[in-house]
file entry_16.cif (mmCIF, C-alpha atoms)
data_protein
loop_
_atom_site.group_PDB
_atom_site.id
_atom_site.type_symbol
_atom_site.label_atom_id
_atom_site.label_comp_id
_atom_site.auth_asym_id
_atom_site.auth_seq_id
_atom_site.Cartn_x
_atom_site.Cartn_y
_atom_site.Cartn_z
ATOM 1 C CA ASP J 467 -17.918 8.822 -5.528
ATOM 2 C CA ALA J 468 -17.025 5.196 -4.951
ATOM 3 C CA MET J 469 -14.476 4.953 -2.232
ATOM 4 C CA VAL J 470 -12.851 3.207 0.707
ATOM 5 C CA ILE J 471 -13.664 4.710 4.091
ATOM 6 C CA GLN J 472 -11.857 4.078 7.346
ATOM 7 C CA ASN J 473 -13.059 5.026 10.792
ATOM 8 C CA PRO J 474 -11.837 6.463 12.956
ATOM 9 C CA ARG J 475 -8.958 8.339 11.350
ATOM 10 C CA TYR J 476 -7.174 8.507 14.692
ATOM 11 C CA GLN J 477 -7.568 6.013 17.525
ATOM 12 C CA VAL J 478 -5.954 6.147 20.944
ATOM 13 C CA THR J 479 -6.105 3.113 23.185
ATOM 14 C CA GLN J 480 -4.429 1.915 26.332
ATOM 15 C CA PHE J 481 -1.974 -0.908 26.575
ATOM 16 C CA GLY J 482 -3.952 -4.160 26.616
ATOM 17 C CA LYS J 483 -7.346 -2.585 25.910
ATOM 18 C CA PRO J 484 -9.083 -4.161 22.891
ATOM 19 C CA VAL J 485 -9.676 -1.916 19.926
ATOM 20 C CA THR J 486 -11.592 -2.274 16.658
ATOM 21 C CA LEU J 487 -10.858 -0.439 13.445
ATOM 22 C CA SER J 488 -13.450 -0.175 10.703
ATOM 23 C CA CYS J 489 -13.289 -0.175 6.919
ATOM 24 C CA SER J 490 -16.149 0.175 4.461
ATOM 25 C CA GLN J 491 -16.261 0.317 0.690
ATOM 26 C CA THR J 492 -18.745 1.408 -1.930
ATOM 27 C CA LEU J 493 -16.840 -0.226 -4.795
ATOM 28 C CA ASN J 494 -18.523 -3.621 -4.351
ATOM 29 C CA HIS J 495 -15.105 -5.259 -4.559
ATOM 30 C CA ASN J 496 -14.619 -8.904 -3.692
ATOM 31 C CA VAL J 497 -11.307 -8.534 -1.894
ATOM 32 C CA MET J 498 -10.494 -6.499 1.203
ATOM 33 C CA TYR J 499 -6.992 -6.175 2.664
ATOM 34 C CA TRP J 500 -5.539 -4.910 5.913
ATOM 35 C CA TYR J 501 -1.993 -3.538 5.906
ATOM 36 C CA GLN J 502 0.054 -2.314 8.861
ATOM 37 C CA GLN J 503 2.427 0.587 8.268
ATOM 38 C CA LYS J 504 4.787 1.481 11.093
ATOM 39 C CA SER J 505 6.503 4.833 11.167
ATOM 40 C CA SER J 506 8.822 5.367 8.175
ATOM 41 C CA GLN J 507 8.357 1.766 7.047
ATOM 42 C CA ALA J 508 6.671 0.048 4.138
ATOM 43 C CA PRO J 509 3.090 -1.199 4.515
ATOM 44 C CA LYS J 510 2.941 -4.885 5.411
ATOM 45 C CA LEU J 511 -0.008 -7.153 4.659
ATOM 46 C CA LEU J 512 -1.707 -8.630 7.723
ATOM 47 C CA PHE J 513 -4.528 -10.569 6.045
ATOM 48 C CA HIS J 514 -7.182 -10.395 3.375
ATOM 49 C CA TYR J 515 -10.665 -11.595 2.591
ATOM 50 C CA TYR J 516 -11.796 -12.884 -0.755
ATOM 51 C CA ASP J 517 -15.543 -12.677 -0.279
ATOM 52 C CA LYS J 518 -15.971 -14.577 3.002
ATOM 53 C CA ASP J 519 -12.742 -16.542 2.713
ATOM 54 C CA PHE J 520 -10.213 -15.339 5.269
ATOM 55 C CA ASN J 521 -6.489 -15.522 4.442
ATOM 56 C CA ASN J 522 -3.976 -14.850 7.176
ATOM 57 C CA GLU J 523 -0.335 -14.007 6.512
ATOM 58 C CA ALA J 524 1.977 -16.484 8.210
ATOM 59 C CA ASP J 525 3.709 -13.862 10.335
ATOM 60 C CA THR J 526 0.607 -11.959 11.466
ATOM 61 C CA PRO J 527 0.439 -12.131 15.269
ATOM 62 C CA ASP J 528 -2.511 -13.932 16.865
ATOM 63 C CA ASN J 529 -3.348 -10.673 18.591
ATOM 64 C CA PHE J 530 -4.821 -9.461 15.302
ATOM 65 C CA GLN J 531 -8.195 -10.719 14.130
ATOM 66 C CA SER J 532 -10.561 -9.664 11.387
ATOM 67 C CA ARG J 533 -14.246 -9.908 10.556
ATOM 68 C CA ARG J 534 -16.119 -9.303 7.328
ATOM 69 C CA PRO J 535 -19.853 -9.420 8.035
ATOM 70 C CA ASN J 536 -20.817 -8.413 4.498
ATOM 71 C CA THR J 537 -19.288 -7.243 1.217
ATOM 72 C CA SER J 538 -19.089 -3.623 2.294
ATOM 73 C CA PHE J 539 -17.526 -3.832 5.744
ATOM 74 C CA CYS J 540 -14.368 -5.276 7.217
ATOM 75 C CA PHE J 541 -13.089 -4.883 10.784
ATOM 76 C CA LEU J 542 -9.667 -5.212 12.321
ATOM 77 C CA ASP J 543 -9.694 -6.285 15.970
ATOM 78 C CA ILE J 544 -6.596 -5.977 18.120
ATOM 79 C CA ARG J 545 -7.277 -8.039 21.212
ATOM 80 C CA SER J 546 -4.529 -6.757 23.496
ATOM 81 C CA PRO J 547 -2.638 -3.886 21.917
ATOM 82 C CA GLY J 548 0.995 -3.504 22.820
ATOM 83 C CA LEU J 549 3.232 -0.497 22.331
ATOM 84 C CA GLY J 550 4.646 -2.183 19.240
ATOM 85 C CA ASP J 551 1.216 -2.162 17.594
ATOM 86 C CA ALA J 552 1.192 1.599 17.245
ATOM 87 C CA ALA J 553 1.023 2.181 13.509
ATOM 88 C CA MET J 554 -1.064 3.345 10.580
ATOM 89 C CA TYR J 555 -3.542 0.674 9.544
ATOM 90 C CA LEU J 556 -4.515 0.754 5.884
ATOM 91 C CA CYS J 557 -7.526 -0.930 4.354
ATOM 92 C CA ALA J 558 -7.553 -1.665 0.633
ATOM 93 C CA THR J 559 -9.958 -3.285 -1.785
ATOM 94 C CA SER J 560 -9.704 -4.831 -5.225
ATOM 95 C CA ARG J 561 -12.041 -6.549 -7.627
ATOM 96 C CA SER J 562 -9.956 -9.721 -7.540
ATOM 97 C CA THR J 563 -6.565 -10.930 -6.357
ATOM 98 C CA GLY J 564 -4.906 -11.112 -9.755
ATOM 99 C CA SER J 565 -1.890 -8.903 -10.272
ATOM 100 C CA TYR J 566 -3.718 -6.885 -12.912
ATOM 101 C CA ASN J 567 -6.222 -5.647 -10.353
ATOM 102 C CA GLU J 568 -5.637 -2.255 -8.826
ATOM 103 C CA GLN J 569 -5.912 -1.981 -5.065
ATOM 104 C CA PHE J 570 -7.783 1.056 -3.774
ATOM 105 C CA PHE J 571 -6.656 2.316 -0.391
ATOM 106 C CA GLY J 572 -8.508 4.130 2.341
ATOM 107 C CA PRO J 573 -6.948 7.088 4.185
ATOM 108 C CA GLY J 574 -5.833 4.892 7.068
ATOM 109 C CA THR J 575 -6.370 4.829 10.825
ATOM 110 C CA ARG J 576 -3.470 5.969 12.960
ATOM 111 C CA LEU J 577 -3.396 3.938 16.172
ATOM 112 C CA THR J 578 -1.656 5.230 19.285
ATOM 113 C CA VAL J 579 -1.113 2.911 22.247
ATOM 114 C CA LEU J 580 -0.502 4.550 25.609
ATOM 115 C CA GLY L 18 11.338 -14.270 -0.688
ATOM 116 C CA ASP L 19 10.297 -11.465 -2.955
ATOM 117 C CA SER L 20 11.518 -7.998 -2.064
ATOM 118 C CA VAL L 21 11.710 -4.427 -3.303
ATOM 119 C CA THR L 22 14.563 -1.999 -2.677
ATOM 120 C CA GLN L 23 14.263 1.740 -3.206
ATOM 121 C CA MET L 24 16.820 4.489 -3.015
ATOM 122 C CA GLU L 25 16.917 6.108 0.368
ATOM 123 C CA GLY L 26 15.511 9.551 0.847
ATOM 124 C CA PRO L 27 14.699 12.180 1.474
ATOM 125 C CA VAL L 28 15.135 13.550 -2.007
ATOM 126 C CA THR L 29 15.043 17.333 -2.153
ATOM 127 C CA LEU L 30 14.663 19.068 -5.509
ATOM 128 C CA SER L 31 13.881 22.492 -6.809
ATOM 129 C CA GLU L 32 10.719 23.009 -8.834
ATOM 130 C CA GLU L 33 11.113 21.990 -12.507
ATOM 131 C CA ALA L 34 14.062 19.703 -11.741
ATOM 132 C CA PHE L 35 14.319 16.184 -13.177
ATOM 133 C CA LEU L 36 13.361 13.362 -10.836
ATOM 134 C CA THR L 37 14.623 9.802 -10.672
ATOM 135 C CA ILE L 38 13.777 7.420 -7.847
ATOM 136 C CA ASN L 39 15.498 4.073 -8.221
ATOM 137 C CA CYS L 40 13.701 0.815 -7.560
ATOM 138 C CA THR L 41 14.983 -2.732 -7.950
ATOM 139 C CA TYR L 42 13.225 -5.961 -7.120
ATOM 140 C CA THR L 43 13.845 -9.609 -6.389
ATOM 141 C CA ALA L 44 11.185 -12.117 -7.417
ATOM 142 C CA THR L 45 11.075 -15.767 -8.341
ATOM 143 C CA GLY L 46 8.463 -15.354 -11.063
ATOM 144 C CA TYR L 47 7.222 -12.547 -13.247
ATOM 145 C CA PRO L 48 5.738 -9.896 -11.013
ATOM 146 C CA SER L 49 3.585 -6.937 -11.832
ATOM 147 C CA LEU L 50 5.218 -3.700 -10.724
ATOM 148 C CA PHE L 51 3.653 -0.581 -9.253
ATOM 149 C CA TRP L 52 4.426 2.879 -7.988
ATOM 150 C CA TYR L 53 2.171 4.221 -5.243
ATOM 151 C CA VAL L 54 2.204 7.762 -3.854
ATOM 152 C CA GLN L 55 1.223 8.811 -0.343
ATOM 153 C CA TYR L 56 0.497 12.471 0.269
ATOM 154 C CA PRO L 57 0.709 13.765 3.852
ATOM 155 C CA GLY L 58 -2.141 12.459 5.988
ATOM 156 C CA GLU L 59 -3.632 10.365 3.183
ATOM 157 C CA GLY L 60 -3.707 6.750 2.078
ATOM 158 C CA LEU L 61 -1.839 5.259 -0.839
ATOM 159 C CA GLN L 62 -2.804 6.078 -4.414
ATOM 160 C CA LEU L 63 -1.750 4.082 -7.424
ATOM 161 C CA LEU L 64 0.474 6.253 -9.595
ATOM 162 C CA LEU L 65 1.331 3.832 -12.384
ATOM 163 C CA LYS L 66 1.905 0.165 -13.108
ATOM 164 C CA ALA L 67 3.478 -2.264 -15.572
ATOM 165 C CA THR L 68 2.580 -5.913 -15.864
ATOM 166 C CA LYS L 69 5.262 -7.338 -18.167
ATOM 167 C CA ALA L 70 8.800 -6.762 -19.310
ATOM 168 C CA ASP L 71 9.438 -3.597 -21.352
ATOM 169 C CA ASP L 72 6.030 -2.153 -20.467
ATOM 170 C CA LYS L 73 6.086 1.535 -19.637
ATOM 171 C CA GLY L 74 3.645 2.865 -17.088
ATOM 172 C CA SER L 75 2.850 6.564 -17.139
ATOM 173 C CA ASN L 76 0.581 9.004 -15.333
ATOM 174 C CA LYS L 77 0.627 12.712 -14.468
ATOM 175 C CA GLY L 78 4.019 13.162 -16.131
ATOM 176 C CA PHE L 79 5.599 10.272 -14.216
ATOM 177 C CA GLU L 80 7.007 7.282 -16.086
ATOM 178 C CA ALA L 81 8.587 3.951 -15.227
ATOM 179 C CA THR L 82 9.743 1.112 -17.481
ATOM 180 C CA TYR L 83 9.738 -2.555 -16.449
ATOM 181 C CA ARG L 84 13.317 -3.729 -17.056
ATOM 182 C CA LYS L 85 13.567 -7.473 -16.576
ATOM 183 C CA GLU L 86 17.262 -7.657 -17.441
ATOM 184 C CA THR L 87 18.168 -5.257 -14.635
ATOM 185 C CA THR L 88 15.158 -6.124 -12.403
ATOM 186 C CA SER L 89 14.399 -2.432 -12.129
ATOM 187 C CA PHE L 90 11.419 -0.089 -12.292
ATOM 188 C CA HIS L 91 12.837 3.398 -11.816
ATOM 189 C CA LEU L 92 10.411 6.311 -11.486
ATOM 190 C CA GLU L 93 11.102 9.460 -13.527
ATOM 191 C CA LYS L 94 9.528 12.830 -14.100
ATOM 192 C CA GLY L 95 10.916 15.524 -16.323
ATOM 193 C CA SER L 96 9.817 18.544 -14.309
ATOM 194 C CA VAL L 97 8.629 18.237 -10.720
ATOM 195 C CA GLN L 98 6.215 20.575 -8.986
ATOM 196 C CA VAL L 99 5.802 21.510 -5.343
ATOM 197 C CA SER L 100 2.568 19.494 -5.369
ATOM 198 C CA ASP L 101 4.581 16.328 -6.119
ATOM 199 C CA SER L 102 5.995 16.408 -2.587
ATOM 200 C CA ALA L 103 4.990 13.066 -1.083
ATOM 201 C CA VAL L 104 6.276 9.606 -0.209
ATOM 202 C CA TYR L 105 6.673 7.261 -3.189
ATOM 203 C CA PHE L 106 6.504 3.480 -2.809
ATOM 204 C CA CYS L 107 7.629 0.948 -5.346
ATOM 205 C CA ALA L 108 5.792 -2.367 -5.045
ATOM 206 C CA LEU L 109 5.232 -5.707 -6.700
ATOM 207 C CA ILE L 110 2.640 -8.466 -6.813
ATOM 208 C CA GLU L 111 4.155 -11.838 -7.549
ATOM 209 C CA ASN L 112 1.457 -14.188 -6.296
ATOM 210 C CA SER L 113 -1.788 -13.548 -8.102
ATOM 211 C CA ASN L 114 -3.595 -15.953 -5.749
ATOM 212 C CA THR L 115 -3.385 -13.401 -2.969
ATOM 213 C CA GLY L 116 -2.745 -10.094 -4.672
ATOM 214 C CA LYS L 117 -0.337 -9.330 -1.856
ATOM 215 C CA LEU L 118 1.557 -6.100 -2.466
ATOM 216 C CA ILE L 119 5.187 -6.142 -1.363
ATOM 217 C CA PHE L 120 6.435 -2.606 -0.878
ATOM 218 C CA GLY L 121 9.802 -0.954 -0.828
ATOM 219 C CA GLN L 122 10.619 1.219 2.149
ATOM 220 C CA GLY L 123 9.395 4.411 0.473
ATOM 221 C CA THR L 124 11.230 7.513 -0.698
ATOM 222 C CA THR L 125 10.267 10.947 0.550
ATOM 223 C CA LEU L 126 10.336 13.644 -2.109
ATOM 224 C CA GLN L 127 10.375 17.281 -1.139
ATOM 225 C CA VAL L 128 10.111 19.865 -3.895
ATOM 226 C CA LYS L 129 11.009 23.456 -3.039
ATOM 227 C CA PRO L 130 9.714 26.471 -4.956
#

call {"tool": "encode", "arguments": {"input": "entry_16.cif", "output": "structure tokens"}}
result
Amino acid sequence: DAMVIQNPRYQVTQFGKPVTLSCSQTLNHNVMYWYQQKSSQAPKLLFHYYDKDFNNEADTPDNFQSRRPNTSFCFLDIRSPGLGDAAMYLCATSRSTGSYNEQFFGPGTRLTVL
Amino acid sequence: GDSVTQMEGPVTLSEEAFLTINCTYTATGYPSLFWYVQYPGEGLQLLLKATKADDKGSNKGFEATYRKETTSFHLEKGSVQVSDSAVYFCALIENSNTGKLIFGQGTTLQVKP
């Protein structure tokens, strides 16, 4: 089945130690999104790629970076995780950015910062 | 900026009860509206959507109608099941250049047998 896969499902890192989260998709979608969802809060968009074009949200901290080496994969890099970065990180894909396009979400990676 | 407001939870119902989860929005244009559901330990799944005023989205017994005059998109189901227990998010996309979803804070539904 076509799907969005996130690895790992659970990630524990230490304060200040860089961490990379992975997302892959078999849907061949053009757009990939990263959302951050803190406990009991709504998901919040960090950035997205349309093909190779990177689009950062204005309030996304510089500590967060992303890479999309090919259509299938997208990575979220947190350069120096702080305690406030502990959250669920959700990857989503869609065929295009238009509002008619459904976004398909992965199961998420829960990040713990010690 | 655009925003979505949902009724606070948790909402606790008995099986076969009627469900309403209120959602209102603020947007400068004409957004598309969505309900997503998140089951424990899983990612978000699209439940239903509506892209213009007076549209009704429906899926799995859930319904919501896009009401422009009241800027609302309330979720309803006539008879809930234990398996409907989850967190429900109302969301909108206003800017089709980005496809950015703006979510409400989520409403936890617990259905008891």

call {"tool": "residues_around", "arguments": {"input": "entry_16.cif", "residues": "stretch 104-108 of chain L", "least_positions_apart": "2", "cutoff": "10 Å", "atoms": "all atoms listed in the file", "output": "MDAnalysis selection string"}}
result
(chainID J and resid 506 508:509) or (chainID L and resid 20:23 26:28 38:42 48:57 61:66 90:92 101:102 110:111 117:127)

call {"tool": "resolve_selection", "arguments": {"input": "entry_16.cif", "expression": "the PyMOL selection byres ((chain J and resi 504) around 12)", "output": "list in words"}}
result
Tyr501, Gln502, Gln503, Ser505, Ser506, Gln507, Ala508, Pro509, Lys510, Leu511, Leu549, Gly550, Asp551, Ala552, Ala553, Met554, Tyr555, Leu556, Gly574, Thr575, Arg576, Leu577 and Thr578 of chain J; Gln122 and Gly123 of chain L

call {"tool": "closest_residue", "arguments": {"input": "entry_16.cif", "among": "L:Glu25, L:Glu93, L:Asp19, L:Glu59", "to": "chain J", "atoms": "only C-alpha atoms"}}
result
L:Glu59

call {"tool": "closest_residue", "arguments": {"input": "entry_16.cif", "among": "L:Gly58, L:Pro130, L:Phe79, L:Thr115", "to": "J:Phe520", "atoms": "only C-alpha atoms"}}
result
L:Thr115

call {"tool": "atom_distance", "arguments": {"input": "entry_16.cif", "atom1": "atom CA of L:Gly95", "atom2": "atom CA of J:Ser565"}}
result
28.2 Å

call {"tool": "closest_residue", "arguments": {"input": "entry_16.cif", "among": "J:Gly548, J:Glu523, J:Ser562, J:Thr537", "to": "J:Leu580", "atoms": "all atoms listed in the file"}}
result
J:Gly548

call {"tool": "resolve_selection", "arguments": {"input": "entry_16.cif", "expression": "the PyMOL selection byres ((chain J and resi 526) around 12)", "output": "list in words"}}
result
Trp500, Tyr501, Gln502, Lys510, Leu511, Leu512, Phe513, His514, Asn521, Asn522, Glu523, Ala524, Asp525, Pro527, Asp528, Asn529, Phe530, Gln531, Ser532, Ile544 and Asp551 of chain J

call {"tool": "resolve_selection", "arguments": {"input": "entry_16.cif", "expression": "the PyMOL selection byres ((chain J and resi 489) around 10)", "output": "JSON, numbers by chain"}}
result
{"J": [470, 471, 472, 473, 474, 487, 488, 490, 491, 498, 499, 500, 534, 538, 539, 540, 541, 542, 556, 557, 558, 559, 572, 574, 575]}

call {"tool": "atom_distance", "arguments": {"input": "entry_16.cif", "atom1": "atom CA of L:Asp71", "atom2": "atom CA of L:Met24"}}
result
21.4 Å

call {"tool": "closest_residue", "arguments": {"input": "entry_16.cif", "among": "J:Tyr566, J:Val485, J:Val579, J:Phe571", "to": "J:Met469", "atoms": "all atoms listed in the file"}}
result
J:Phe571

call {"tool": "closest_residue", "arguments": {"input": "entry_16.cif", "among": "J:Asn567, J:Arg561, J:Ser546, J:Arg475", "to": "J:Val497", "atoms": "only C-alpha atoms"}}
result
J:Arg561

call {"tool": "decode", "arguments": {"input": "entry_16.cif", "residues": "stretch 568-579 of chain J", "atoms": "all heavy atoms", "output": "PDB file, in the first residue's frame"}}
result
ATOM      1  N   GLU J 568      -5.551  16.562  -0.607  1.00  0.00           N
ATOM      2  CA  GLU J 568      -5.472  15.936   0.701  1.00  0.00           C
ATOM      3  C   GLU J 568      -4.019  15.752   1.115  1.00  0.00           C
ATOM      4  O   GLU J 568      -3.163  15.412   0.304  1.00  0.00           O
ATOM      5  CB  GLU J 568      -6.157  14.574   0.674  1.00  0.00           C
ATOM      6  CG  GLU J 568      -6.097  13.822   1.998  1.00  0.00           C
ATOM      7  CD  GLU J 568      -6.794  12.475   1.936  1.00  0.00           C
ATOM      8  OE1 GLU J 568      -7.485  12.203   0.941  1.00  0.00           O
ATOM      9  OE2 GLU J 568      -6.644  11.700   2.891  1.00  0.00           O
ATOM     10  N   GLN J 569      -3.752  15.993   2.395  1.00  0.00           N
ATOM     11  CA  GLN J 569      -2.443  15.696   2.951  1.00  0.00           C
ATOM     12  C   GLN J 569      -2.501  14.338   3.643  1.00  0.00           C
ATOM     13  O   GLN J 569      -3.411  14.076   4.436  1.00  0.00           O
ATOM     14  CB  GLN J 569      -2.011  16.799   3.935  1.00  0.00           C
ATOM     15  CG  GLN J 569      -1.708  18.110   3.231  1.00  0.00           C
ATOM     16  CD  GLN J 569      -1.148  19.171   4.150  1.00  0.00           C
ATOM     17  OE1 GLN J 569      -0.528  18.886   5.169  1.00  0.00           O
ATOM     18  NE2 GLN J 569      -1.360  20.422   3.776  1.00  0.00           N
ATOM     19  N   PHE J 570      -1.517  13.514   3.362  1.00  0.00           N
ATOM     20  CA  PHE J 570      -1.418  12.185   3.953  1.00  0.00           C
ATOM     21  C   PHE J 570      -0.311  12.216   5.005  1.00  0.00           C
ATOM     22  O   PHE J 570       0.826  12.575   4.702  1.00  0.00           O
ATOM     23  CB  PHE J 570      -1.094  11.141   2.883  1.00  0.00           C
ATOM     24  CG  PHE J 570      -2.199  10.942   1.891  1.00  0.00           C
ATOM     25  CD1 PHE J 570      -2.357  11.813   0.824  1.00  0.00           C
ATOM     26  CD2 PHE J 570      -3.077   9.893   2.030  1.00  0.00           C
ATOM     27  CE1 PHE J 570      -3.376  11.641  -0.093  1.00  0.00           C
ATOM     28  CE2 PHE J 570      -4.106   9.702   1.113  1.00  0.00           C
ATOM     29  CZ  PHE J 570      -4.259  10.573   0.051  1.00  0.00           C
ATOM     30  N   PHE J 571      -0.665  11.809   6.213  1.00  0.00           N
ATOM     31  CA  PHE J 571       0.264  11.907   7.329  1.00  0.00           C
ATOM     32  C   PHE J 571       0.905  10.562   7.655  1.00  0.00           C
ATOM     33  O   PHE J 571       0.253   9.505   7.572  1.00  0.00           O
ATOM     34  CB  PHE J 571      -0.463  12.421   8.580  1.00  0.00           C
ATOM     35  CG  PHE J 571      -0.720  13.895   8.559  1.00  0.00           C
ATOM     36  CD1 PHE J 571      -1.787  14.419   7.855  1.00  0.00           C
ATOM     37  CD2 PHE J 571       0.119  14.769   9.252  1.00  0.00           C
ATOM     38  CE1 PHE J 571      -2.024  15.785   7.839  1.00  0.00           C
ATOM     39  CE2 PHE J 571      -0.113  16.133   9.231  1.00  0.00           C
ATOM     40  CZ  PHE J 571      -1.176  16.643   8.532  1.00  0.00           C
ATOM     41  N   GLY J 572       2.162  10.623   8.072  1.00  0.00           N
ATOM     42  CA  GLY J 572       2.810   9.469   8.657  1.00  0.00           C
ATOM     43  C   GLY J 572       2.412   9.312  10.114  1.00  0.00           C
ATOM     44  O   GLY J 572       1.704  10.162  10.667  1.00  0.00           O
ATOM     45  N   PRO J 573       2.891   8.248  10.769  1.00  0.00           N
ATOM     46  CA  PRO J 573       2.506   7.975  12.158  1.00  0.00           C
ATOM     47  C   PRO J 573       3.201   8.891  13.165  1.00  0.00           C
ATOM     48  O   PRO J 573       2.803   8.930  14.328  1.00  0.00           O
ATOM     49  CB  PRO J 573       2.932   6.531  12.362  1.00  0.00           C
ATOM     50  CG  PRO J 573       4.063   6.338  11.407  1.00  0.00           C
ATOM     51  CD  PRO J 573       3.744   7.193  10.210  1.00  0.00           C
ATOM     52  N   GLY J 574       4.218   9.605  12.708  1.00  0.00           N
ATOM     53  CA  GLY J 574       4.906  10.524  13.613  1.00  0.00           C
ATOM     54  C   GLY J 574       6.116   9.917  14.292  1.00  0.00           C
ATOM     55  O   GLY J 574       6.232   8.691  14.425  1.00  0.00           O
ATOM     56  N   THR J 575       7.041  10.790  14.690  1.00  0.00           N
ATOM     57  CA  THR J 575       8.176  10.415  15.536  1.00  0.00           C
ATOM     58  C   THR J 575       8.069  11.215  16.824  1.00  0.00           C
ATOM     59  O   THR J 575       8.018  12.445  16.787  1.00  0.00           O
ATOM     60  CB  THR J 575       9.526  10.713  14.860  1.00  0.00           C
ATOM     61  OG1 THR J 575       9.667   9.894  13.709  1.00  0.00           O
ATOM     62  CG2 THR J 575      10.677  10.448  15.826  1.00  0.00           C
ATOM     63  N   ARG J 576       8.045  10.493  17.931  1.00  0.00           N
ATOM     64  CA  ARG J 576       7.984  11.187  19.230  1.00  0.00           C
ATOM     65  C   ARG J 576       9.402  11.402  19.728  1.00  0.00           C
ATOM     66  O   ARG J 576      10.143  10.443  19.954  1.00  0.00           O
ATOM     67  CB  ARG J 576       7.186  10.381  20.245  1.00  0.00           C
ATOM     68  CG  ARG J 576       7.033  11.125  21.570  1.00  0.00           C
ATOM     69  CD  ARG J 576       6.030  10.487  22.499  1.00  0.00           C
ATOM     70  NE  ARG J 576       4.680  10.493  21.995  1.00  0.00           N
ATOM     71  CZ  ARG J 576       3.873  11.558  21.992  1.00  0.00           C
ATOM     72  NH1 ARG J 576       4.304  12.702  22.477  1.00  0.00           N
ATOM     73  NH2 ARG J 576       2.647  11.460  21.534  1.00  0.00           N
ATOM     74  N   LEU J 577       9.785  12.664  19.873  1.00  0.00           N
ATOM     75  CA  LEU J 577      11.135  13.026  20.296  1.00  0.00           C
ATOM     76  C   LEU J 577      11.148  13.385  21.779  1.00  0.00           C
ATOM     77  O   LEU J 577      10.362  14.238  22.222  1.00  0.00           O
ATOM     78  CB  LEU J 577      11.661  14.213  19.484  1.00  0.00           C
ATOM     79  CG  LEU J 577      13.032  14.732  19.876  1.00  0.00           C
ATOM     80  CD1 LEU J 577      14.112  13.697  19.545  1.00  0.00           C
ATOM     81  CD2 LEU J 577      13.343  16.055  19.183  1.00  0.00           C
ATOM     82  N   THR J 578      12.028  12.743  22.504  1.00  0.00           N
ATOM     83  CA  THR J 578      12.274  13.057  23.914  1.00  0.00           C
ATOM     84  C   THR J 578      13.661  13.642  24.046  1.00  0.00           C
ATOM     85  O   THR J 578      14.621  13.106  23.472  1.00  0.00           O
ATOM     86  CB  THR J 578      12.166  11.790  24.781  1.00  0.00           C
ATOM     87  OG1 THR J 578      10.854  11.235  24.642  1.00  0.00           O
ATOM     88  CG2 THR J 578      12.423  12.111  26.251  1.00  0.00           C
ATOM     89  N   VAL J 579      13.779  14.744  24.771  1.00  0.00           N
ATOM     90  CA  VAL J 579      15.074  15.388  24.996  1.00  0.00           C
ATOM     91  C   VAL J 579      15.391  15.323  26.483  1.00  0.00           C
ATOM     92  O   VAL J 579      14.618  15.813  27.317  1.00  0.00           O
ATOM     93  CB  VAL J 579      15.051  16.855  24.518  1.00  0.00           C
ATOM     94  CG1 VAL J 579      16.421  17.493  24.731  1.00  0.00           C
ATOM     95  CG2 VAL J 579      14.643  16.936  23.051  1.00  0.00           C
TER      96      VAL J 579
END
